[in-house]
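Visitor: As input, take structure.cif (mmCIF, C-alpha atoms (C1' of nucleotides)):
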```
data_input
loop_
_atom_site.label_atom_id
_atom_site.label_comp_id
_atom_site.auth_asym_id
_atom_site.auth_seq_id
_atom_site.Cartn_x
_atom_site.Cartn_y
_atom_site.Cartn_z
CA MET A 1 -18.22 -12.15 4.86
CA TYR A 2 -18.30 -9.72 2.03
CA CYS A 3 -15.63 -8.54 -0.32
CA ASN A 4 -15.67 -5.62 -2.70
CA ASN A 5 -12.57 -6.01 -4.79
CA LYS A 6 -13.48 -3.17 -7.03
CA ASN A 7 -11.10 -0.30 -6.87
CA TYR A 8 -9.00 -0.58 -3.78
CA SER A 9 -5.86 -2.50 -3.10
CA MET A 10 -5.32 -3.13 0.57
CA SER A 11 -2.87 -0.59 1.58
CA ASN A 12 -2.42 2.73 2.98
CA GLY A 13 -4.93 4.80 4.75
CA ARG A 14 -7.96 2.56 4.65
CA PHE A 15 -7.50 0.79 7.94
CA ALA A 16 -6.71 4.04 9.71
CA ILE A 17 -9.67 5.78 8.13
CA SER A 18 -12.07 3.01 9.04
CA VAL A 19 -10.81 2.92 12.61
CA HIS A 20 -11.20 6.67 12.76
CA ILE A 21 -14.76 6.54 11.46
CA LEU A 22 -15.75 3.79 13.85
CA THR A 23 -14.12 5.48 16.81
CA LEU A 24 -16.10 8.63 16.08
CA LEU A 25 -19.30 6.64 15.80
CA ALA A 26 -18.51 4.85 19.04
CA SER A 27 -17.96 8.16 20.76
CA GLU A 28 -21.44 9.33 19.74
CA PRO A 29 -23.62 6.33 20.43
CA GLU A 30 -27.31 6.65 19.76
CA GLN A 31 -26.53 9.27 17.14
CA TYR A 32 -26.43 9.23 13.38
CA CYS A 33 -23.32 11.05 12.26
CA SER A 34 -23.16 12.67 8.84
CA SER A 35 -20.31 11.98 6.46
CA GLU A 36 -19.58 15.70 6.59
CA TYR A 37 -19.04 15.55 10.32
CA LEU A 38 -16.87 12.45 10.08
CA SER A 39 -14.78 13.88 7.26
CA GLY A 40 -14.19 17.00 9.30
CA SER A 41 -12.38 15.05 11.99
CA ILE A 42 -10.47 12.83 9.60
CA ASN A 43 -9.72 15.68 7.25
CA ILE A 44 -10.55 13.92 4.03
CA ASN A 45 -13.25 14.35 1.46
CA PRO A 46 -16.77 13.38 2.58
CA VAL A 47 -17.25 11.29 -0.54
CA LEU A 48 -14.35 9.10 0.52
CA VAL A 49 -15.95 8.69 3.91
CA ARG A 50 -19.16 7.59 2.27
CA LYS A 51 -17.25 5.06 0.20
CA GLU A 52 -15.68 3.63 3.31
CA LEU A 53 -19.08 3.54 4.93
CA VAL A 54 -20.38 1.42 2.07
CA ASN A 55 -17.71 -1.10 2.90
CA LEU A 56 -18.23 -1.00 6.65
CA ARG A 57 -21.94 -1.42 6.08
CA ASN A 58 -21.37 -4.39 3.81
CA HIS A 59 -19.37 -5.92 6.61
CA GLY A 60 -22.10 -5.37 9.14
CA LEU A 61 -20.24 -2.82 11.21
CA VAL A 62 -22.38 0.25 10.61
CA ILE A 63 -25.94 1.15 9.72
CA SER A 64 -26.81 4.19 7.66
CA LYS A 65 -29.97 6.16 7.32
CA GLU A 66 -30.86 8.26 4.32
CA GLY A 67 -32.69 11.55 4.16
CA LYS A 68 -32.59 14.60 6.33
CA THR A 69 -31.27 13.71 9.80
CA GLY A 70 -29.61 10.76 8.09
CA GLY A 71 -26.11 9.50 8.77
CA SER A 72 -24.37 6.45 10.15
CA THR A 73 -24.14 4.68 13.47
CA LEU A 74 -22.57 1.51 14.79
CA ALA A 75 -24.43 -1.65 13.87
CA LYS A 76 -23.51 -3.24 17.19
CA SER A 77 -21.98 -2.33 20.49
CA ALA A 78 -18.39 -1.12 20.34
CA GLY A 79 -17.54 -3.84 22.81
CA LEU A 80 -18.47 -6.42 20.20
CA ILE A 81 -16.26 -4.99 17.47
CA ALA A 82 -12.65 -6.13 17.52
CA MET A 83 -9.86 -4.37 15.68
CA SER A 84 -9.50 -7.59 13.72
CA ASP A 85 -13.04 -7.11 12.41
CA ILE A 86 -11.99 -3.74 11.06
CA TYR A 87 -8.84 -5.16 9.55
CA ASP A 88 -10.93 -7.88 7.99
CA ALA A 89 -13.28 -5.32 6.51
CA VAL A 90 -10.59 -3.31 4.73
CA ARG A 91 -8.26 -6.16 3.92
CA GLU A 92 -7.79 -7.19 0.34
CA LYS A 93 -5.18 -9.07 -1.56
CA GLN A 94 -2.21 -10.11 0.45
CA PHE A 95 -0.97 -7.80 3.06
CA LEU A 96 2.70 -8.21 2.35
CA GLY A 97 2.17 -7.98 -1.37
CA LYS A 98 3.36 -9.69 -4.49
CA SER A 99 5.36 -8.51 -7.40
CA ILE A 100 3.13 -7.10 -10.09
CA ASN A 101 4.57 -9.35 -12.77
CA GLU A 102 4.31 -13.09 -13.00
CA PRO A 103 7.59 -14.72 -12.04
CA ASN A 104 9.33 -16.75 -14.68
CA PRO A 105 7.65 -20.18 -14.90
CA ALA A 106 10.77 -21.63 -16.48
CA CYS A 107 12.66 -21.09 -13.24
CA THR A 108 12.32 -23.54 -10.37
CA ILE A 109 12.17 -20.74 -7.86
CA GLY A 110 10.01 -18.42 -9.93
CA ARG A 111 7.53 -21.17 -10.70
CA GLN A 112 6.76 -21.90 -7.05
CA ILE A 113 7.49 -18.71 -5.17
CA ASN A 114 3.98 -17.33 -5.14
CA GLN A 115 2.58 -20.52 -3.70
CA HIS A 116 5.14 -20.48 -0.92
CA LEU A 117 4.66 -16.79 -0.28
CA ASP A 118 0.95 -17.46 0.02
CA ASP A 119 1.61 -20.03 2.71
CA LEU A 120 3.91 -17.71 4.58
CA TYR A 121 1.48 -14.82 4.36
CA ARG A 122 -1.42 -16.90 5.54
CA GLU A 123 0.46 -17.93 8.62
CA SER A 124 1.78 -14.49 9.51
CA GLU A 125 -1.51 -12.80 8.83
CA ARG A 126 -3.09 -15.22 11.24
CA ALA A 127 -0.66 -14.02 13.90
CA LEU A 128 -1.53 -10.44 13.06
CA MET A 129 -5.23 -11.14 13.36
CA GLN A 130 -4.76 -12.81 16.72
CA SER A 131 -3.07 -9.71 17.96
CA LEU A 132 -5.82 -7.46 16.61
CA ASP A 133 -8.40 -9.73 18.23
CA LYS A 134 -7.23 -8.57 21.60
CA MET A 135 -8.58 -5.07 21.40
CA THR A 136 -12.18 -4.03 20.94
CA LEU A 137 -13.34 -0.72 19.58
CA ALA A 138 -14.68 0.09 23.04
CA GLU A 139 -11.27 -0.44 24.58
CA PHE A 140 -9.69 1.64 21.86
CA LEU A 141 -12.12 4.47 22.51
CA GLN A 142 -11.34 4.40 26.21
CA LYS A 143 -7.83 5.55 25.44
CA PHE A 144 -9.16 8.92 24.39
CA SER A 145 -9.42 11.22 27.33
CA MET B 1 20.31 -1.32 11.56
CA TYR B 2 20.12 0.84 8.50
CA CYS B 3 17.30 2.67 6.90
CA ASN B 4 17.08 4.27 3.50
CA ASN B 5 13.90 6.28 3.59
CA LYS B 6 14.64 7.82 0.27
CA ASN B 7 12.12 6.94 -2.33
CA TYR B 8 10.18 3.97 -1.20
CA SER B 9 7.15 3.70 1.01
CA MET B 10 6.81 0.26 2.48
CA SER B 11 4.28 -1.40 0.45
CA ASN B 12 3.57 -3.71 -2.25
CA GLY B 13 6.03 -5.84 -4.01
CA ARG B 14 9.18 -5.10 -2.07
CA PHE B 15 8.96 -7.86 0.48
CA ALA B 16 8.11 -10.41 -2.19
CA ILE B 17 10.89 -9.19 -4.43
CA SER B 18 13.47 -9.29 -1.67
CA VAL B 19 12.40 -12.77 -0.63
CA HIS B 20 12.63 -13.85 -4.25
CA ILE B 21 16.10 -12.40 -4.65
CA LEU B 22 17.34 -13.99 -1.45
CA THR B 23 15.80 -17.35 -2.27
CA LEU B 24 17.59 -17.35 -5.60
CA LEU B 25 20.86 -16.44 -3.93
CA ALA B 26 20.31 -19.16 -1.34
CA SER B 27 19.73 -21.67 -4.09
CA GLU B 28 23.07 -20.86 -5.67
CA PRO B 29 25.44 -20.69 -2.73
CA GLU B 30 29.08 -19.97 -3.42
CA GLN B 31 28.02 -18.13 -6.55
CA TYR B 32 27.74 -14.48 -7.43
CA CYS B 33 24.48 -13.97 -9.29
CA SER B 34 24.07 -11.08 -11.68
CA SER B 35 21.12 -8.73 -11.45
CA GLU B 36 20.26 -9.80 -14.97
CA TYR B 37 19.89 -13.39 -13.86
CA LEU B 38 17.86 -12.46 -10.82
CA SER B 39 15.57 -10.18 -12.77
CA GLY B 40 14.96 -12.95 -15.26
CA SER B 41 13.37 -15.13 -12.61
CA ILE B 42 11.44 -12.34 -10.93
CA ASN B 43 10.44 -10.82 -14.23
CA ILE B 44 11.21 -7.23 -13.38
CA ASN B 45 13.75 -4.74 -14.58
CA PRO B 46 17.35 -5.46 -13.57
CA VAL B 47 17.75 -1.90 -12.33
CA LEU B 48 14.99 -2.49 -9.80
CA VAL B 49 16.79 -5.60 -8.65
CA ARG B 50 19.97 -3.61 -8.19
CA LYS B 51 18.05 -1.05 -6.16
CA GLU B 52 16.72 -3.76 -3.90
CA LEU B 53 20.19 -5.18 -3.61
CA VAL B 54 21.43 -1.83 -2.33
CA ASN B 55 18.93 -2.11 0.48
CA LEU B 56 19.64 -5.74 1.26
CA ARG B 57 23.34 -4.94 1.30
CA ASN B 58 22.79 -2.03 3.67
CA HIS B 59 21.01 -4.41 5.96
CA GLY B 60 23.82 -6.90 5.89
CA LEU B 61 21.96 -9.61 4.05
CA VAL B 62 23.92 -9.72 0.80
CA ILE B 63 27.38 -8.94 -0.49
CA SER B 64 27.99 -7.66 -3.99
CA LYS B 65 31.03 -7.69 -6.17
CA GLU B 66 31.65 -5.26 -8.98
CA GLY B 67 33.34 -5.87 -12.29
CA LYS B 68 33.25 -8.74 -14.69
CA THR B 69 32.16 -11.93 -12.89
CA GLY B 70 30.52 -9.59 -10.40
CA GLY B 71 27.14 -10.09 -8.80
CA SER B 72 25.62 -10.73 -5.42
CA THR B 73 25.65 -13.52 -2.89
CA LEU B 74 24.31 -14.07 0.61
CA ALA B 75 26.25 -12.31 3.34
CA LYS B 76 25.57 -15.16 5.74
CA SER B 77 24.18 -18.65 5.78
CA ALA B 78 20.54 -18.95 4.76
CA GLY B 79 19.96 -20.69 8.05
CA LEU B 80 20.86 -17.48 9.84
CA ILE B 81 18.44 -15.28 7.92
CA ALA B 82 14.90 -15.19 9.25
CA MET B 83 11.94 -13.98 7.25
CA SER B 84 11.62 -11.29 9.90
CA ASP B 85 15.06 -10.00 8.90
CA ILE B 86 13.80 -9.57 5.37
CA TYR B 87 10.65 -7.88 6.56
CA ASP B 88 12.74 -5.61 8.68
CA ALA B 89 14.91 -4.71 5.71
CA VAL B 90 12.05 -3.60 3.49
CA ARG B 91 9.81 -2.21 6.17
CA GLU B 92 9.18 1.50 6.33
CA LYS B 93 6.54 3.67 7.81
CA GLN B 94 3.73 1.84 9.47
CA PHE B 95 2.54 -1.30 7.93
CA LEU B 96 -1.15 -0.65 8.39
CA GLY B 97 -0.84 2.92 7.22
CA LYS B 98 -2.12 6.30 8.18
CA SER B 99 -4.30 8.76 6.42
CA ILE B 100 -2.28 11.14 4.30
CA ASN B 101 -3.82 14.21 5.86
CA GLU B 102 -3.43 15.33 9.43
CA PRO B 103 -6.59 14.66 11.39
CA ASN B 104 -8.40 17.66 12.83
CA PRO B 105 -6.60 18.78 15.99
CA ALA B 106 -9.73 20.55 17.19
CA CYS B 107 -11.46 17.19 17.56
CA THR B 108 -10.86 15.03 20.62
CA ILE B 109 -10.66 11.91 18.52
CA GLY B 110 -8.73 13.46 15.66
CA ARG B 111 -6.18 14.98 17.99
CA GLN B 112 -5.19 11.67 19.53
CA ILE B 113 -5.94 9.02 16.96
CA ASN B 114 -2.49 8.81 15.45
CA GLN B 115 -0.89 8.26 18.81
CA HIS B 116 -3.26 5.45 19.60
CA LEU B 117 -2.91 3.93 16.16
CA ASP B 118 0.84 3.98 16.69
CA ASP B 119 0.43 1.98 19.87
CA LEU B 120 -1.84 -0.50 18.20
CA TYR B 121 0.46 -0.90 15.22
CA ARG B 122 3.49 -1.40 17.37
CA GLU B 123 1.83 -4.21 19.21
CA SER B 124 0.43 -5.98 16.19
CA GLU B 125 3.60 -5.60 14.20
CA ARG B 126 5.42 -7.28 17.05
CA ALA B 127 3.09 -10.25 16.66
CA LEU B 128 3.77 -10.29 12.95
CA MET B 129 7.50 -10.24 13.50
CA GLN B 130 7.28 -13.10 15.97
CA SER B 131 5.55 -15.14 13.35
CA LEU B 132 8.11 -14.28 10.70
CA ASP B 133 10.86 -15.16 13.13
CA LYS B 134 9.84 -18.76 12.92
CA MET B 135 11.01 -19.38 9.40
CA THR B 136 14.50 -19.05 8.08
CA LEU B 137 15.44 -18.51 4.48
CA ALA B 138 16.94 -22.01 4.47
CA GLU B 139 13.63 -23.50 5.54
CA PHE B 140 11.83 -21.47 2.96
CA LEU B 141 14.17 -22.69 0.24
CA GLN B 142 13.56 -26.29 1.27
CA LYS B 143 9.98 -25.96 0.18
CA PHE B 144 11.10 -25.74 -3.43
CA SER B 145 11.42 -29.16 -4.93
"C1'" DT C 1 -45.89 20.22 -0.99
"C1'" DA C 2 -41.67 22.70 -1.20
"C1'" DT C 3 -37.45 23.09 1.20
"C1'" DT C 4 -33.67 21.34 3.57
"C1'" DA C 5 -30.16 18.09 4.68
"C1'" DC C 6 -28.71 14.22 4.08
"C1'" DT C 7 -27.01 9.45 1.35
"C1'" DG C 8 -25.61 6.81 -2.92
"C1'" DA C 9 -23.17 6.68 -6.74
"C1'" DA C 10 -20.96 7.90 -11.09
"C1'" DA C 11 -17.64 10.36 -13.60
"C1'" DT C 12 -13.71 12.82 -13.95
"C1'" DG C 13 -9.43 14.95 -12.59
"C1'" DA C 14 -5.20 15.72 -9.82
"C1'" DA C 15 -1.59 14.05 -7.21
"C1'" DA C 16 1.35 10.63 -5.53
"C1'" DA C 17 3.57 6.29 -5.64
"C1'" DT C 18 5.35 2.58 -8.16
"C1'" DT C 19 7.62 0.49 -11.84
"C1'" DG C 20 10.18 0.63 -16.17
"C1'" DT C 21 13.79 2.42 -19.24
"C1'" DT C 22 17.84 4.52 -20.87
"C1'" DA C 23 22.23 5.93 -20.26
"C1'" DC C 24 26.67 5.96 -18.65
"C1'" DA C 25 30.63 6.13 -15.39
"C1'" DG C 26 33.27 2.94 -12.60
"C1'" DT C 27 35.17 -1.78 -11.56
"C1'" DT C 28 37.17 -6.15 -12.33
"C1'" DT C 29 38.66 -10.05 -15.21
"C1'" DA C 30 41.06 -11.84 -18.79
"C1'" DT D 1 41.61 -3.01 -24.34
"C1'" DA D 2 37.33 -5.55 -24.51
"C1'" DA D 3 33.76 -7.74 -22.02
"C1'" DA D 4 30.57 -8.17 -18.33
"C1'" DC D 5 29.31 -6.70 -14.67
"C1'" DT D 6 27.68 -2.94 -10.68
"C1'" DG D 7 26.11 1.76 -9.14
"C1'" DT D 8 23.46 5.50 -9.92
"C1'" DA D 9 20.97 9.25 -11.89
"C1'" DA D 10 17.41 11.00 -14.65
"C1'" DC D 11 13.31 10.60 -16.59
"C1'" DA D 12 9.07 8.33 -18.59
"C1'" DA D 13 5.09 5.38 -18.14
"C1'" DT D 14 1.83 3.27 -15.46
"C1'" DT D 15 -0.97 2.45 -11.60
"C1'" DT D 16 -3.02 3.70 -7.44
"C1'" DT D 17 -4.84 6.87 -4.38
"C1'" DC D 18 -7.32 10.83 -3.22
"C1'" DA D 19 -10.24 14.92 -4.38
"C1'" DT D 20 -13.99 17.17 -6.64
"C1'" DT D 21 -18.16 17.90 -8.92
"C1'" DT D 22 -22.57 16.58 -9.89
"C1'" DC D 23 -26.94 14.84 -9.40
"C1'" DA D 24 -30.70 11.52 -8.43
"C1'" DG D 25 -33.07 9.62 -4.45
"C1'" DT D 26 -34.76 9.72 0.45
"C1'" DA D 27 -36.68 11.49 4.58
"C1'" DA D 28 -37.94 15.13 7.87
"C1'" DT D 29 -40.31 19.28 8.58
"C1'" DA D 30 -42.22 23.75 8.14
#
```
Would you kindly transcribe this structure into structure tokens?

Guide:
Amino acid sequence: MYCNNKNYSMSNGRFAISVHILTLLASEPEQYCSSEYLSGSININPVLVRKELVNLRNHGLVISKEGKTGGSTLAKSAGLIAMSDIYDAVREKQFLGKSINEPNPACTIGRQINQHLDDLYRESERALMQSLDKMTLAEFLQKFS
Amino acid sequence: MYCNNKNYSMSNGRFAISVHILTLLASEPEQYCSSEYLSGSININPVLVRKELVNLRNHGLVISKEGKTGGSTLAKSAGLIAMSDIYDAVREKQFLGKSINEPNPACTIGRQINQHLDDLYRESERALMQSLDKMTLAEFLQKFS
DNA sequence: TATTACTGAAATGAAAATTGTTACAGTTTA
DNA sequence: TAAACTGTAACAATTTTCATTTCAGTAATA
């Protein structure tokens, strides 16, 4: 849908942070939550929250409003957002990673390994996505008592 | 089986590097390959290769021999090594990651999110492993012409 | 219309993680 | 004893991640 390959490299906290943001928004439907409020629960800097919100917005998961009383809210019902949508929004590069350096093209193995890793990753990421398809944000929220 | 949580944090190139190492070893059965040779194909520092070999050895995937004519070789037939075994060897922490900071325990969502993320990760990682189970190192090697 | 409370975004810095390098003791072969 | 390796530590360089500051722009509202 949209891809901002600017600064991030799919990795650490981004999925967790986006899930956290969206869960908070889902728990306060009809409300616009400020980045300050969100960052208070996640315990990270509000500017980072706003950066994640840019991405979630670009992927059609949240809507933001500027100005006083501004903030963010879910762009659609939590029942219509799957965990795989969130994964898809934060995903970049290949989830199992590649070596930073180019393998040796003079070597039979080195010359082809990235192609074959790509194939393997594609297949296993598909399995991962299928699993993440099974839970919606609404179902995830229900776990919180 | 074994876990060396010393310096690494499951992430980027390690899976790819370990697959590369093992593919090279599988392509030269009956031989002990030096870390120099392996690093030449991967295009990384031989010391890094030796560090990965420590891990693969600890997980029972390779055997190494010291001294002149030393090097490493597969500990078992490539047909008996699944990609999931390699994933398992390099895996650490949670593959989708957590925020570095502790979420706010005073918040209903913050207090429980890590527990629920754990559950989600466990389930989706199981799906990933099942997918990686399907290919052996021998099958992977066959793709190289 | 001035104030307040937000977002959006850039720029910069600090901290952490990753990768590279050097060095050298120990092992085995010949 | 020399040569060619492994094993490992220590440290440097690089890259990535996360935090902070700052400020322009927007919208509500008193």

Visitor: Need the shell around region 20-28 of chain C: protein/DNA/RNA residues with any atom at most 7 Å away, counting all atoms listed in the file. Skip same-chain ones fewer than 3 positions apart. Format as a count of residues only?

Guide: 4

Visitor: Applied to the shown file, which residues does the PyMOL selection byres ((chain B and resi 32-39) around 8) return, written as a list in words?

Guide: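 On this input, the PyMOL selection byres ((chain B and resi 32-39) around 8) captures Ile21, Leu24, Leu25, Glu28, Glu30, Gln31, Gly40, Ser41, Ile42, Asn43, Ile44, Asn45, Pro46, Val47, Val49, Arg50, Ser64, Lys65, Thr69, Gly70, Gly71, Ser72 and Thr73 of chain B; DC5 of chain D.
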
Visitor: Please report as CSV every residue of chain A lying within 6 Å of chain B, along with the nearest atom pair and their distance in Å (one decimal), using only C-alpha atoms.

Guide:
```
residue,atom,partner,partner_atom,distance
A:Asn12,CA,B:Gly97,CA,4.5
A:Gly13,CA,B:Ser99,CA,4.3
A:Ala16,CA,B:Lys98,CA,5.3
A:Ser41,CA,B:Asn104,CA,4.8
A:Ile42,CA,B:Pro103,CA,4.6
A:Asn43,CA,B:Pro103,CA,5.3
A:Gly97,CA,B:Asn12,CA,4.6
A:Lys98,CA,B:Gly13,CA,4.7
A:Ser99,CA,B:Gly13,CA,4.4
A:Pro103,CA,B:Ile42,CA,4.7
A:Asn104,CA,B:Ser41,CA,4.8
A:Gly110,CA,B:Ser41,CA,5.4
A:Ser124,CA,B:Ser131,CA,5.4
A:Ala127,CA,B:Leu128,CA,5.9
A:Leu128,CA,B:Leu128,CA,5.3
A:Ser131,CA,B:Ser124,CA,5.4
```

Visitor: For C-alpha atoms, I'd like the residues from the last selection saved as an mmCIF file, in the frame of the given file.

Guide:
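Okay, again-v6.cif is ready:
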```
data_model
loop_
_atom_site.group_PDB
_atom_site.id
_atom_site.type_symbol
_atom_site.label_atom_id
_atom_site.label_comp_id
_atom_site.auth_asym_id
_atom_site.auth_seq_id
_atom_site.Cartn_x
_atom_site.Cartn_y
_atom_site.Cartn_z
ATOM 1 C CA ASN A 12 -2.420 2.730 2.980
ATOM 2 C CA GLY A 13 -4.930 4.800 4.750
ATOM 3 C CA ALA A 16 -6.710 4.040 9.710
ATOM 4 C CA SER A 41 -12.380 15.050 11.990
ATOM 5 C CA ILE A 42 -10.470 12.830 9.600
ATOM 6 C CA ASN A 43 -9.720 15.680 7.250
ATOM 7 C CA GLY A 97 2.170 -7.980 -1.370
ATOM 8 C CA LYS A 98 3.360 -9.690 -4.490
ATOM 9 C CA SER A 99 5.360 -8.510 -7.400
ATOM 10 C CA PRO A 103 7.590 -14.720 -12.040
ATOM 11 C CA ASN A 104 9.330 -16.750 -14.680
ATOM 12 C CA GLY A 110 10.010 -18.420 -9.930
ATOM 13 C CA SER A 124 1.780 -14.490 9.510
ATOM 14 C CA ALA A 127 -0.660 -14.020 13.900
ATOM 15 C CA LEU A 128 -1.530 -10.440 13.060
ATOM 16 C CA SER A 131 -3.070 -9.710 17.960
#
```

Visitor: What is the C1' of DT1 (chain D)-C1' of DA30 (chain C) distance in Å, reported with one decimal?

Guide: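 The value is 10.4 Å.
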
Visitor: Residues of chain D that have any atom at most 8 Å from an atom of chain B: could you tabulate them with the shortest-distance atom pair and the distance in Å to one decimal, using all atoms listed in the file, ordered by chain and increasing number, as JSON lines?

Guide:
```
{"residue": "D:DA3", "atom": "C1'", "partner": "B:Lys68", "partner_atom": "CA", "distance": 7.4}
{"residue": "D:DA4", "atom": "C1'", "partner": "B:Lys68", "partner_atom": "CA", "distance": 4.6}
{"residue": "D:DC5", "atom": "C1'", "partner": "B:Lys68", "partner_atom": "CA", "distance": 4.4}
{"residue": "D:DT6", "atom": "C1'", "partner": "B:Glu66", "partner_atom": "CA", "distance": 4.9}
```

Visitor: Would you mind exporting the chosen residues as a PDB file, in the coordinates of the input, restricted to C-alpha atoms (C1' of nucleotides)?

Guide:
```
ATOM      1  C1'  DA D   3      33.760  -7.740 -22.020  1.00  0.00           C
ATOM      2  C1'  DA D   4      30.570  -8.170 -18.330  1.00  0.00           C
ATOM      3  C1'  DC D   5      29.310  -6.700 -14.670  1.00  0.00           C
ATOM      4  C1'  DT D   6      27.680  -2.940 -10.680  1.00  0.00           C
TER       5       DT D   6
END
```

Visitor: Mind listing as a ChimeraX atom specification which residues of chain C are within 10 Å of chain A, counting only C-alpha atoms (C1' of nucleotides)?

Guide: /C:4-9,19

Visitor: As AutoDock Vina command-line options, what would the box around region 17-26 of chain C look like: edges along x, y and z, 5 Å added on every side, centre and edge lengths in Å to one decimal?

Guide:
```
--center_x 18.4 --center_y 3.4 --center_z -13.3 --size_x 39.7 --size_y 15.8 --size_z 25.2
```

Visitor: Could you spell out the hits of the PyMOL selection byres ((chain B and resi 59) around 9) on the shown file, as a PDB file with C-alpha atoms, in the coordinates of the input?

Guide:
```pdb
ATOM      1  CA  MET B   1      20.310  -1.320  11.560  1.00  0.00           C
ATOM      2  CA  TYR B   2      20.120   0.840   8.500  1.00  0.00           C
ATOM      3  CA  CYS B   3      17.300   2.670   6.900  1.00  0.00           C
ATOM      4  CA  VAL B  54      21.430  -1.830  -2.330  1.00  0.00           C
ATOM      5  CA  ASN B  55      18.930  -2.110   0.480  1.00  0.00           C
ATOM      6  CA  LEU B  56      19.640  -5.740   1.260  1.00  0.00           C
ATOM      7  CA  ARG B  57      23.340  -4.940   1.300  1.00  0.00           C
ATOM      8  CA  ASN B  58      22.790  -2.030   3.670  1.00  0.00           C
ATOM      9  CA  GLY B  60      23.820  -6.900   5.890  1.00  0.00           C
ATOM     10  CA  LEU B  61      21.960  -9.610   4.050  1.00  0.00           C
ATOM     11  CA  VAL B  62      23.920  -9.720   0.800  1.00  0.00           C
ATOM     12  CA  ASP B  85      15.060 -10.000   8.900  1.00  0.00           C
ATOM     13  CA  ILE B  86      13.800  -9.570   5.370  1.00  0.00           C
ATOM     14  CA  ASP B  88      12.740  -5.610   8.680  1.00  0.00           C
ATOM     15  CA  ALA B  89      14.910  -4.710   5.710  1.00  0.00           C
TER      16      ALA B  89
END
```

Visitor: Would you please take region 109-125 of chain B of the structure in the block above and write N, CA and C atoms to a file as a compact mmCIF listing (two decimals), in the first residue's frame?

Guide:
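The resulting file, out-v7.txt, is reproduced below:
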```txt
# COMPACT_ATOMS: atom_id res chain seq x y z
N ILE B 109 -3.53 -0.77 29.70
CA ILE B 109 -2.95 -1.36 28.50
C ILE B 109 -1.46 -1.62 28.71
N GLY B 110 -0.76 -0.59 29.15
CA GLY B 110 0.68 -0.71 29.35
C GLY B 110 1.06 -1.86 30.27
N ARG B 111 0.26 -2.04 31.30
CA ARG B 111 0.57 -3.06 32.31
C ARG B 111 0.54 -4.47 31.72
N GLN B 112 -0.32 -4.68 30.73
CA GLN B 112 -0.51 -6.05 30.26
C GLN B 112 0.03 -6.31 28.86
N ILE B 113 0.43 -5.26 28.17
CA ILE B 113 0.71 -5.45 26.75
C ILE B 113 1.80 -6.46 26.47
N ASN B 114 2.84 -6.46 27.29
CA ASN B 114 3.94 -7.38 27.00
C ASN B 114 3.51 -8.84 27.14
N GLN B 115 2.69 -9.11 28.09
CA GLN B 115 2.16 -10.46 28.24
C GLN B 115 1.39 -10.89 26.99
N HIS B 116 0.56 -9.99 26.52
CA HIS B 116 -0.27 -10.36 25.37
C HIS B 116 0.54 -10.40 24.08
N LEU B 117 1.55 -9.55 24.00
CA LEU B 117 2.45 -9.63 22.84
C LEU B 117 3.18 -10.97 22.87
N ASP B 118 3.62 -11.37 24.06
CA ASP B 118 4.28 -12.66 24.19
C ASP B 118 3.41 -13.78 23.60
N ASP B 119 2.16 -13.78 23.98
CA ASP B 119 1.25 -14.81 23.50
C ASP B 119 1.14 -14.78 21.98
N LEU B 120 1.00 -13.58 21.47
CA LEU B 120 0.87 -13.43 20.02
C LEU B 120 2.13 -13.91 19.31
N TYR B 121 3.27 -13.52 19.85
CA TYR B 121 4.54 -13.88 19.22
C TYR B 121 4.74 -15.38 19.25
N ARG B 122 4.40 -15.97 20.36
CA ARG B 122 4.58 -17.41 20.47
C ARG B 122 3.81 -18.14 19.37
N GLU B 123 2.60 -17.70 19.19
CA GLU B 123 1.75 -18.35 18.20
C GLU B 123 2.27 -18.14 16.78
N SER B 124 2.66 -16.91 16.48
CA SER B 124 3.06 -16.64 15.10
C SER B 124 4.45 -17.20 14.82
N GLU B 125 5.27 -17.28 15.84
CA GLU B 125 6.58 -17.87 15.62
C GLU B 125 6.44 -19.37 15.37
```
